[in-house]
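Quick look at upload.pdb (PDB, N, CA and C atoms and all ligand atoms):
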```pdb
ATOM      1  N   MET F 137      10.418 -33.480  44.835  1.00  0.00           N
ATOM      2  CA  MET F 137      10.787 -33.496  43.415  1.00  0.00           C
ATOM      3  C   MET F 137      10.465 -32.145  42.787  1.00  0.00           C
ATOM      4  N   PRO F 138      11.272 -31.712  41.885  1.00  0.00           N
ATOM      5  CA  PRO F 138      11.053 -30.400  41.271  1.00  0.00           C
ATOM      6  C   PRO F 138       9.916 -30.414  40.256  1.00  0.00           C
ATOM      7  N   LEU F 139       9.463 -29.213  39.966  1.00  0.00           N
ATOM      8  CA  LEU F 139       8.377 -29.035  39.005  1.00  0.00           C
ATOM      9  C   LEU F 139       8.964 -28.605  37.668  1.00  0.00           C
ATOM     10  N   TYR F 140       8.554 -29.269  36.618  1.00  0.00           N
ATOM     11  CA  TYR F 140       9.037 -28.938  35.288  1.00  0.00           C
ATOM     12  C   TYR F 140       7.879 -28.508  34.412  1.00  0.00           C
ATOM     13  N   GLU F 141       8.200 -27.663  33.449  1.00  0.00           N
ATOM     14  CA  GLU F 141       7.187 -27.215  32.509  1.00  0.00           C
ATOM     15  C   GLU F 141       7.477 -27.822  31.142  1.00  0.00           C
ATOM     16  N   TYR F 142       6.424 -28.298  30.518  1.00  0.00           N
ATOM     17  CA  TYR F 142       6.557 -28.925  29.206  1.00  0.00           C
ATOM     18  C   TYR F 142       5.684 -28.194  28.194  1.00  0.00           C
ATOM     19  N   ARG F 143       6.115 -28.256  26.945  1.00  0.00           N
ATOM     20  CA  ARG F 143       5.329 -27.649  25.878  1.00  0.00           C
ATOM     21  C   ARG F 143       5.163 -28.651  24.752  1.00  0.00           C
ATOM     22  N   CYS F 144       3.935 -28.751  24.262  1.00  0.00           N
ATOM     23  CA  CYS F 144       3.654 -29.669  23.176  1.00  0.00           C
ATOM     24  C   CYS F 144       3.943 -28.998  21.834  1.00  0.00           C
ATOM     25  N   PRO F 145       4.744 -29.604  20.983  1.00  0.00           N
ATOM     26  CA  PRO F 145       5.065 -28.997  19.691  1.00  0.00           C
ATOM     27  C   PRO F 145       3.894 -29.037  18.715  1.00  0.00           C
ATOM     28  N   ASP F 146       2.914 -29.853  18.972  1.00  0.00           N
ATOM     29  CA  ASP F 146       1.784 -29.963  18.054  1.00  0.00           C
ATOM     30  C   ASP F 146       0.724 -28.895  18.312  1.00  0.00           C
ATOM     31  N   CYS F 147       0.276 -28.802  19.544  1.00  0.00           N
ATOM     32  CA  CYS F 147      -0.820 -27.886  19.844  1.00  0.00           C
ATOM     33  C   CYS F 147      -0.373 -26.692  20.671  1.00  0.00           C
ATOM     34  N   ASP F 148       0.911 -26.630  20.964  1.00  0.00           N
ATOM     35  CA  ASP F 148       1.490 -25.520  21.714  1.00  0.00           C
ATOM     36  C   ASP F 148       0.929 -25.427  23.128  1.00  0.00           C
ATOM     37  N   HIS F 149       0.430 -26.508  23.620  1.00  0.00           N
ATOM     38  CA  HIS F 149      -0.096 -26.522  24.980  1.00  0.00           C
ATOM     39  C   HIS F 149       1.050 -26.642  25.980  1.00  0.00           C
ATOM     40  N   ARG F 150       0.970 -25.856  27.040  1.00  0.00           N
ATOM     41  CA  ARG F 150       1.983 -25.926  28.093  1.00  0.00           C
ATOM     42  C   ARG F 150       1.364 -26.530  29.344  1.00  0.00           C
ATOM     43  N   PHE F 151       2.133 -27.383  29.984  1.00  0.00           N
ATOM     44  CA  PHE F 151       1.644 -27.986  31.210  1.00  0.00           C
ATOM     45  C   PHE F 151       2.834 -28.262  32.119  1.00  0.00           C
ATOM     46  N   GLU F 152       2.515 -28.455  33.392  1.00  0.00           N
ATOM     47  CA  GLU F 152       3.568 -28.679  34.368  1.00  0.00           C
ATOM     48  C   GLU F 152       3.503 -30.093  34.894  1.00  0.00           C
ATOM     49  N   LYS F 153       4.655 -30.588  35.260  1.00  0.00           N
ATOM     50  CA  LYS F 153       4.738 -31.965  35.718  1.00  0.00           C
ATOM     51  C   LYS F 153       5.780 -32.048  36.819  1.00  0.00           C
ATOM     52  N   ILE F 154       5.419 -32.718  37.888  1.00  0.00           N
ATOM     53  CA  ILE F 154       6.383 -32.943  38.953  1.00  0.00           C
ATOM     54  C   ILE F 154       7.008 -34.313  38.745  1.00  0.00           C
ATOM     55  N   LYS F 155       8.309 -34.329  38.598  1.00  0.00           N
ATOM     56  CA  LYS F 155       8.990 -35.598  38.389  1.00  0.00           C
ATOM     57  C   LYS F 155      10.423 -35.488  38.859  1.00  0.00           C
ATOM     58  N   SER F 156      11.067 -36.620  38.963  1.00  0.00           N
ATOM     59  CA  SER F 156      12.420 -36.619  39.487  1.00  0.00           C
ATOM     60  C   SER F 156      13.391 -36.063  38.460  1.00  0.00           C
ATOM     61  N   VAL F 157      14.530 -35.638  38.946  1.00  0.00           N
ATOM     62  CA  VAL F 157      15.525 -35.020  38.079  1.00  0.00           C
ATOM     63  C   VAL F 157      15.979 -35.984  37.001  1.00  0.00           C
ATOM     64  N   SER F 158      16.102 -37.237  37.342  1.00  0.00           N
ATOM     65  CA  SER F 158      16.583 -38.215  36.371  1.00  0.00           C
ATOM     66  C   SER F 158      15.587 -38.464  35.247  1.00  0.00           C
ATOM     67  N   GLN F 159      14.324 -38.088  35.486  1.00  0.00           N
ATOM     68  CA  GLN F 159      13.282 -38.296  34.478  1.00  0.00           C
ATOM     69  C   GLN F 159      12.987 -37.016  33.705  1.00  0.00           C
ATOM     70  N   ALA F 160      13.615 -35.929  34.070  1.00  0.00           N
ATOM     71  CA  ALA F 160      13.208 -34.621  33.556  1.00  0.00           C
ATOM     72  C   ALA F 160      13.446 -34.480  32.062  1.00  0.00           C
ATOM     73  N   ASP F 161      14.442 -35.122  31.529  1.00  0.00           N
ATOM     74  CA  ASP F 161      14.775 -34.936  30.123  1.00  0.00           C
ATOM     75  C   ASP F 161      13.954 -35.817  29.193  1.00  0.00           C
ATOM     76  N   PHE F 162      13.174 -36.691  29.751  1.00  0.00           N
ATOM     77  CA  PHE F 162      12.338 -37.533  28.917  1.00  0.00           C
ATOM     78  C   PHE F 162      11.071 -36.776  28.501  1.00  0.00           C
ATOM     79  N   PRO F 163      10.608 -36.987  27.283  1.00  0.00           N
ATOM     80  CA  PRO F 163       9.399 -36.291  26.830  1.00  0.00           C
ATOM     81  C   PRO F 163       8.169 -36.761  27.600  1.00  0.00           C
ATOM     82  N   GLU F 164       7.185 -35.869  27.624  1.00  0.00           N
ATOM     83  CA  GLU F 164       5.942 -36.177  28.322  1.00  0.00           C
ATOM     84  C   GLU F 164       4.793 -36.269  27.319  1.00  0.00           C
ATOM     85  N   VAL F 165       3.701 -36.857  27.754  1.00  0.00           N
ATOM     86  CA  VAL F 165       2.510 -36.945  26.910  1.00  0.00           C
ATOM     87  C   VAL F 165       1.659 -35.696  27.113  1.00  0.00           C
ATOM     88  N   CYS F 166       1.334 -35.043  26.024  1.00  0.00           N
ATOM     89  CA  CYS F 166       0.501 -33.856  26.099  1.00  0.00           C
ATOM     90  C   CYS F 166      -0.904 -34.236  26.562  1.00  0.00           C
ATOM     91  N   PRO F 167      -1.422 -33.579  27.609  1.00  0.00           N
ATOM     92  CA  PRO F 167      -2.758 -33.920  28.102  1.00  0.00           C
ATOM     93  C   PRO F 167      -3.868 -33.464  27.171  1.00  0.00           C
ATOM     94  N   ARG F 168      -3.556 -32.623  26.219  1.00  0.00           N
ATOM     95  CA  ARG F 168      -4.596 -32.122  25.325  1.00  0.00           C
ATOM     96  C   ARG F 168      -4.733 -32.975  24.073  1.00  0.00           C
ATOM     97  N   CYS F 169      -3.608 -33.259  23.414  1.00  0.00           N
ATOM     98  CA  CYS F 169      -3.703 -33.978  22.142  1.00  0.00           C
ATOM     99  C   CYS F 169      -3.015 -35.345  22.190  1.00  0.00           C
ATOM    100  N   GLN F 170      -2.518 -35.707  23.363  1.00  0.00           N
ATOM    101  CA  GLN F 170      -1.924 -37.027  23.572  1.00  0.00           C
ATOM    102  C   GLN F 170      -0.640 -37.240  22.772  1.00  0.00           C
ATOM    103  N   ASN F 171      -0.056 -36.173  22.296  1.00  0.00           N
ATOM    104  CA  ASN F 171       1.235 -36.287  21.640  1.00  0.00           C
ATOM    105  C   ASN F 171       2.292 -36.602  22.699  1.00  0.00           C
ATOM    106  N   ALA F 172       3.058 -37.628  22.454  1.00  0.00           N
ATOM    107  CA  ALA F 172       4.020 -38.078  23.458  1.00  0.00           C
ATOM    108  C   ALA F 172       5.379 -37.412  23.318  1.00  0.00           C
ATOM    109  N   LYS F 173       5.415 -36.295  22.637  1.00  0.00           N
ATOM    110  CA  LYS F 173       6.699 -35.637  22.416  1.00  0.00           C
ATOM    111  C   LYS F 173       6.758 -34.224  22.982  1.00  0.00           C
ATOM    112  N   ALA F 174       5.990 -33.989  24.015  1.00  0.00           N
ATOM    113  CA  ALA F 174       6.065 -32.679  24.650  1.00  0.00           C
ATOM    114  C   ALA F 174       7.439 -32.508  25.286  1.00  0.00           C
ATOM    115  N   GLU F 175       8.049 -31.377  24.998  1.00  0.00           N
ATOM    116  CA  GLU F 175       9.422 -31.171  25.454  1.00  0.00           C
ATOM    117  C   GLU F 175       9.470 -30.230  26.645  1.00  0.00           C
ATOM    118  N   ARG F 176      10.474 -30.429  27.446  1.00  0.00           N
ATOM    119  CA  ARG F 176      10.631 -29.609  28.640  1.00  0.00           C
ATOM    120  C   ARG F 176      11.091 -28.206  28.260  1.00  0.00           C
ATOM    121  N   THR F 177      10.512 -27.235  28.904  1.00  0.00           N
ATOM    122  CA  THR F 177      10.952 -25.859  28.722  1.00  0.00           C
ATOM    123  C   THR F 177      11.643 -25.380  29.988  1.00  0.00           C
ATOM    124  N   LEU F 178      12.338 -24.283  29.863  1.00  0.00           N
ATOM    125  CA  LEU F 178      13.090 -23.777  31.010  1.00  0.00           C
ATOM    126  C   LEU F 178      12.524 -22.455  31.502  1.00  0.00           C
ATOM    127  N   SER F 179      11.262 -22.199  31.200  1.00  0.00           N
ATOM    128  CA  SER F 179      10.705 -20.887  31.495  1.00  0.00           C
ATOM    129  C   SER F 179       9.848 -20.883  32.748  1.00  0.00           C
ATOM    130  N   THR F 180       9.954 -21.925  33.548  1.00  0.00           N
ATOM    131  CA  THR F 180       9.063 -22.041  34.691  1.00  0.00           C
ATOM    132  C   THR F 180       9.248 -20.901  35.678  1.00  0.00           C
ATOM    133  N   PHE F 181      10.471 -20.642  36.077  1.00  0.00           N
ATOM    134  CA  PHE F 181      10.650 -19.648  37.118  1.00  0.00           C
ATOM    135  C   PHE F 181      10.924 -18.257  36.581  1.00  0.00           C
ATOM    136  N   SER F 182      11.178 -18.147  35.287  1.00  0.00           N
ATOM    137  CA  SER F 182      11.404 -16.812  34.743  1.00  0.00           C
ATOM    138  C   SER F 182      10.097 -16.152  34.320  1.00  0.00           C
ATOM    139  N   ALA F 183       9.045 -16.947  34.205  1.00  0.00           N
ATOM    140  CA  ALA F 183       7.783 -16.403  33.726  1.00  0.00           C
ATOM    141  C   ALA F 183       6.995 -15.739  34.842  1.00  0.00           C
ATOM    142  N   ARG F 184       7.408 -15.954  36.066  1.00  0.00           N
ATOM    143  CA  ARG F 184       6.605 -15.461  37.176  1.00  0.00           C
ATOM    144  C   ARG F 184       6.793 -13.952  37.396  1.00  0.00           C
ATOM    145  N   GLY F 185       8.036 -13.507  37.521  1.00  0.00           N
ATOM    146  CA  GLY F 185       8.274 -12.118  37.901  1.00  0.00           C
ATOM    147  C   GLY F 185       8.888 -11.291  36.791  1.00  0.00           C
ATOM    148  N   SER F 186       8.475 -11.557  35.557  1.00  0.00           N
ATOM    149  CA  SER F 186       9.081 -10.857  34.439  1.00  0.00           C
ATOM    150  C   SER F 186       8.137  -9.818  33.853  1.00  0.00           C
ATOM    151  N   ALA F 187       7.443  -9.105  34.710  1.00  0.00           N
ATOM    152  CA  ALA F 187       6.485  -8.124  34.213  1.00  0.00           C
ATOM    153  C   ALA F 187       7.193  -6.914  33.629  1.00  0.00           C
ATOM    154  N   GLY F 188       8.357  -6.628  34.102  1.00  0.00           N
ATOM    155  CA  GLY F 188       9.075  -5.464  33.598  1.00  0.00           C
ATOM    156  C   GLY F 188       9.888  -4.818  34.693  1.00  0.00           C
ATOM    157  N   PRO F 189      10.837  -4.002  34.328  1.00  0.00           N
ATOM    158  CA  PRO F 189      11.713  -3.385  35.324  1.00  0.00           C
ATOM    159  C   PRO F 189      10.987  -2.355  36.170  1.00  0.00           C
ATOM    160  N   SER F 190       9.878  -1.803  35.706  1.00  0.00           N
ATOM    161  CA  SER F 190       9.220  -0.737  36.449  1.00  0.00           C
ATOM    162  C   SER F 190       8.407  -1.267  37.620  1.00  0.00           C
ATOM    163  N   SER F 191       7.913  -2.498  37.511  1.00  0.00           N
ATOM    164  CA  SER F 191       7.020  -2.999  38.537  1.00  0.00           C
ATOM    165  C   SER F 191       7.710  -3.934  39.518  1.00  0.00           C
ATOM    166  N   SER F 192       8.960  -4.224  39.292  1.00  0.00           N
ATOM    167  CA  SER F 192       9.629  -5.188  40.139  1.00  0.00           C
ATOM    168  C   SER F 192      10.761  -4.553  40.946  1.00  0.00           C
ATOM    169  N   SER F 193      10.744  -3.234  41.085  1.00  0.00           N
ATOM    170  CA  SER F 193      11.851  -2.567  41.745  1.00  0.00           C
ATOM    171  C   SER F 193      11.610  -2.375  43.230  1.00  0.00           C
ATOM    172  N   GLY F 194      10.450  -2.748  43.713  1.00  0.00           N
ATOM    173  CA  GLY F 194      10.138  -2.535  45.113  1.00  0.00           C
ATOM    174  C   GLY F 194      10.906  -3.475  46.016  1.00  0.00           C
ATOM    175  N   CYS F 195      11.123  -3.030  47.245  1.00  0.00           N
ATOM    176  CA  CYS F 195      11.826  -3.878  48.193  1.00  0.00           C
ATOM    177  C   CYS F 195      10.920  -4.209  49.367  1.00  0.00           C
ATOM    178  N   GLY F 196       9.639  -4.218  49.163  1.00  0.00           N
ATOM    179  CA  GLY F 196       8.708  -4.511  50.231  1.00  0.00           C
ATOM    180  C   GLY F 196       7.350  -4.811  49.630  1.00  0.00           C
ATOM    181  N   PRO F 197       6.334  -4.943  50.481  1.00  0.00           N
ATOM    182  CA  PRO F 197       4.981  -5.199  49.983  1.00  0.00           C
ATOM    183  C   PRO F 197       4.440  -4.014  49.197  1.00  0.00           C
ATOM    184  N   SER F 198       3.401  -4.302  48.412  1.00  0.00           N
ATOM    185  CA  SER F 198       2.899  -3.272  47.509  1.00  0.00           C
ATOM    186  C   SER F 198       2.173  -2.153  48.240  1.00  0.00           C
ATOM    187  N   SER F 199       1.912  -2.333  49.521  1.00  0.00           N
ATOM    188  CA  SER F 199       1.182  -1.307  50.254  1.00  0.00           C
ATOM    189  C   SER F 199       2.090  -0.157  50.696  1.00  0.00           C
ATOM    190  N   GLY F 200       3.390  -0.353  50.577  1.00  0.00           N
ATOM    191  CA  GLY F 200       4.321   0.683  51.008  1.00  0.00           C
ATOM    192  C   GLY F 200       4.508   1.749  49.964  1.00  0.00           C
ATOM    193  N   GLY F 201       5.587   2.468  50.066  1.00  0.00           N
ATOM    194  CA  GLY F 201       5.861   3.517  49.088  1.00  0.00           C
ATOM    195  C   GLY F 201       6.298   4.791  49.762  1.00  0.00           C
ATOM    196  N   PHE F 202       7.036   5.572  49.044  1.00  0.00           N
ATOM    197  CA  PHE F 202       7.501   6.839  49.595  1.00  0.00           C
ATOM    198  C   PHE F 202       6.428   7.909  49.447  1.00  0.00           C
ATOM    199  N   SER F 203       6.407   8.843  50.364  1.00  0.00           N
ATOM    200  CA  SER F 203       5.407   9.887  50.267  1.00  0.00           C
ATOM    201  C   SER F 203       6.024  11.255  50.531  1.00  0.00           C
TER     202      SER F 203
HETATM  203 ZN    ZN F 301      -0.538 -31.268  22.376  1.00  0.00          ZN
END
```

Have the structure of the file written as structure tokens, please.
Ligand SMILES: [Zn+2]
Amino acid sequence: MPLYEYRCPDCDHRFEKIKSVSQADFPEVCPRCQNAKAERTLSTFSARGSAGPSSSSGCGPSSGGFS
């Protein structure tokens, strides 16, 4: 099952939840304030490698480089 990210509109808490695709659009309960209206966000996989164009241009491990 895929991993989804949810955000609570009350306390702005973000959390992840593994659930089936058919359940993904249903709101989740915020683990911090128990608000049952945490909404799914779509930033799960874009938040990982979005440091900037300068640091993500490599085509190999960070130990390499031209000399
Ligand atoms: Zn909350």

| remark: re CA of Met137 (chain F) and CA of Glu175 (chain F): distance 18.2 Å

| said: Which residues, named as in the file, does the PyMOL selection byres (((chain F and resi 151) around 6) and not hetatm) pick out? Answer as a list in words. | reply: Tyr140, Glu141, Tyr142, Arg143, His149, Arg150, Glu152 and Lys153 of chain F

| field | At most 6.5 Å from ligand ZN 301 (chain F) (all atoms listed in the file): residue list as number ranges by chain | value | F: 144-149, 166-171

| task | In Å, rounded to a single decimal, give me how far CA of Asp161 (chain F) is from CA of Leu178 (chain F). | result | 11.3 Å

| query | To one decimal place, how far is atom N of Pro163 (chain F) from CA of Arg176 (chain F) in Å? | reply | 7.5 Å

| query | Per DSSP on the backbone, what are the strand (DSSP E or B) residues of region 138-168 of chain F, as number ranges by chain? | reply | F: 139-143, 150-154, 164

Expected file: the selected residues, N, CA and C atoms, as a CSV table (one decimal), in the coordinates of the input:
```csv
chain,number,residue,atom,x,y,z
F,139,LEU,N,9.5,-29.2,40.0
F,139,LEU,CA,8.4,-29.0,39.0
F,139,LEU,C,9.0,-28.6,37.7
F,140,TYR,N,8.6,-29.3,36.6
F,140,TYR,CA,9.0,-28.9,35.3
F,140,TYR,C,7.9,-28.5,34.4
F,141,GLU,N,8.2,-27.7,33.4
F,141,GLU,CA,7.2,-27.2,32.5
F,141,GLU,C,7.5,-27.8,31.1
F,142,TYR,N,6.4,-28.3,30.5
F,142,TYR,CA,6.6,-28.9,29.2
F,142,TYR,C,5.7,-28.2,28.2
F,143,ARG,N,6.1,-28.3,26.9
F,143,ARG,CA,5.3,-27.6,25.9
F,143,ARG,C,5.2,-28.7,24.8
F,150,ARG,N,1.0,-25.9,27.0
F,150,ARG,CA,2.0,-25.9,28.1
F,150,ARG,C,1.4,-26.5,29.3
F,151,PHE,N,2.1,-27.4,30.0
F,151,PHE,CA,1.6,-28.0,31.2
F,151,PHE,C,2.8,-28.3,32.1
F,152,GLU,N,2.5,-28.5,33.4
F,152,GLU,CA,3.6,-28.7,34.4
F,152,GLU,C,3.5,-30.1,34.9
F,153,LYS,N,4.7,-30.6,35.3
F,153,LYS,CA,4.7,-32.0,35.7
F,153,LYS,C,5.8,-32.0,36.8
F,154,ILE,N,5.4,-32.7,37.9
F,154,ILE,CA,6.4,-32.9,39.0
F,154,ILE,C,7.0,-34.3,38.7
F,164,GLU,N,7.2,-35.9,27.6
F,164,GLU,CA,5.9,-36.2,28.3
F,164,GLU,C,4.8,-36.3,27.3
```
